[in-house]
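Everything below concerns the one structure shown next.
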Amino acid sequence: MSLTVRPIVGRRAKITALGAYVPPDTITNQDLEKMVETSDQWIMERTGIKTRHKLAAGLGVSDMCTEAAKKVLAMRGIAASEIECILVGTVTPDMMFPSTACLVQHKIGATGAWGFDVSGGCSGFVFALQAGVKLIESGAHKKVLVCGADANTRMTDYTDRTTCVLFGDGGGAAVIGPSNRPGVGILGAKLGAYGEGVDLLYMSPGGSSNPITPETAANGGPTVKMKGKEVFKLAVRAMDEAARDILEQHHFTADHIALVIPHQANLRIIEAISQYLELPMERFFVNLDRYGNTSAASIPIALDEARRAGRIKPGDLTLLVAFGAGLTYASALIRW
Ligand SMILES: CC(C)(COP(=O)(O)OP(=O)(O)OC[C@H]1O[C@@H](n2cnc3c(N)ncnc32)[C@H](O)[C@@H]1OP(=O)(O)O)[C@@H](O)C(=O)NCCC(=O)NCCS
């Protein structure tokens, strides 16, 4: 089942501000060598990851969203009270309920906002972004805060070398609002899901079908379970298709893209997409060496870094493309 989202003629949303936050503590490949049978060489060759960040005990995803959101609001001098809605893409919320969006609303003092969480795995930021885009395009709101954040180290089994080398923590945020320049903004998105792939990537126990009990907690508690090889192949296929579909719908070719911001899961996945799209790696933004896979945070963190590094200029066409648990996939085209 897939959903193609096209903007209503005449009204378009754009990203007006961006920000990100990663916690200061890190887990390096050398740290992991001391925990499981692995090596810096294996991790670098098979994933491209050197280090990841880890959220300190006692903090939650809402704290990373709050830090990122404060930067975003400060960047444009936006008062928190101006935010009308908060959307948070995450699969590691502070708690099952209330939503992380409500916690962020309180922590930043967005007294006039409502909001909700979006569970789209690593596609979560793009899913949340599109929900926000529709709120802007429909005229319902003028300022929506969209966050993507995950505390993956909380769900990582540090005895499983096939998953523990991959994941890190972080958060990113964007404010979106109406575009006042023709052709500028979020041009469209391609969103989809393969629910049949649920067993390839999930967290268990936890949730109504397999709740946390004293027995399941004693067995290691909630941790990520993944069939890495299968996920790898599907990620490449789905991201390639999602990229092609959105380009085709908007009558562009890969050549029109100034920069691709791919979900940062594995350097080899990004290299494969670069080959399939016949677009050189120089046009892909890569920062997974420093953060690992931060799930819903990876795209907003990369977008923010790319902007600050001068790799996004007015008039540029940027492609976002993601893949994650669900299984889900998402692409979006942005003209700056
Ligand atoms: C997880 C992943 C890095 C594994 O890489 P891979 O090249 O597929 O490696 P394999 O699973 O085939 O394992 C190859 C060998 O390395 C071993 N290995 C696995 N993890 C290892 C580690 N951290 N260190 C050293 N060796 C490891 C395996 O046990 C296997 O050994 P064997 O041949 O003796 O059985 C890769 O499959 C991947 O990135 N998948 C997608 C993950 C992802 O992106 N998930 C999130 C999606 S949003």
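Letters for chains follow the order of the structure tokens (A, B, ...), residue numbers begin at 1 for each chain, and ligand numbers begin at 1 in the order shown.
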Can you work out which residues are within 7 Å of ligand 1, considering only C-alpha atoms and all ligand atoms, and then hand them over as a ChimeraX atom specification? /A:37-39,42-43,46-47,122,161-163,165,228-229,231-232,235,265-266,295,323-325
Counting only C-alpha atoms, what is within 7 Å of Met226 in chain A, bar same-chain residues fewer than 6 positions away, as a ChimeraX atom specification? /A:200-202
Residue subset to file, keeping C-alpha atoms, as a PDB file, in the first residue's frame:
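So part00.pdb came out as:
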ATOM      1  CA  LEU A 200      12.536  -8.283   9.518  1.00  0.00           C
ATOM      2  CA  LEU A 201      12.959  -5.320  11.878  1.00  0.00           C
ATOM      3  CA  TYR A 202      11.099  -4.777  15.132  1.00  0.00           C
TER       4      TYR A 202
END
Tell me which protein, DNA and RNA residues are within 6 Å of range 67-83 of chain A, counting only C-alpha atoms, leaving out same-chain ones fewer than 2 positions away, and put them as a ChimeraX atom specification. /A:17-21,64-65,85,109-113,143-144,172-173
Could you pull out all residues of range 32-210 of chain A with a DSSP call of strand (DSSP E) and give them as a PyMOL selection string? chain A and resi 51-53+85-89+114-118+144-151+169-178+185-193+201-204
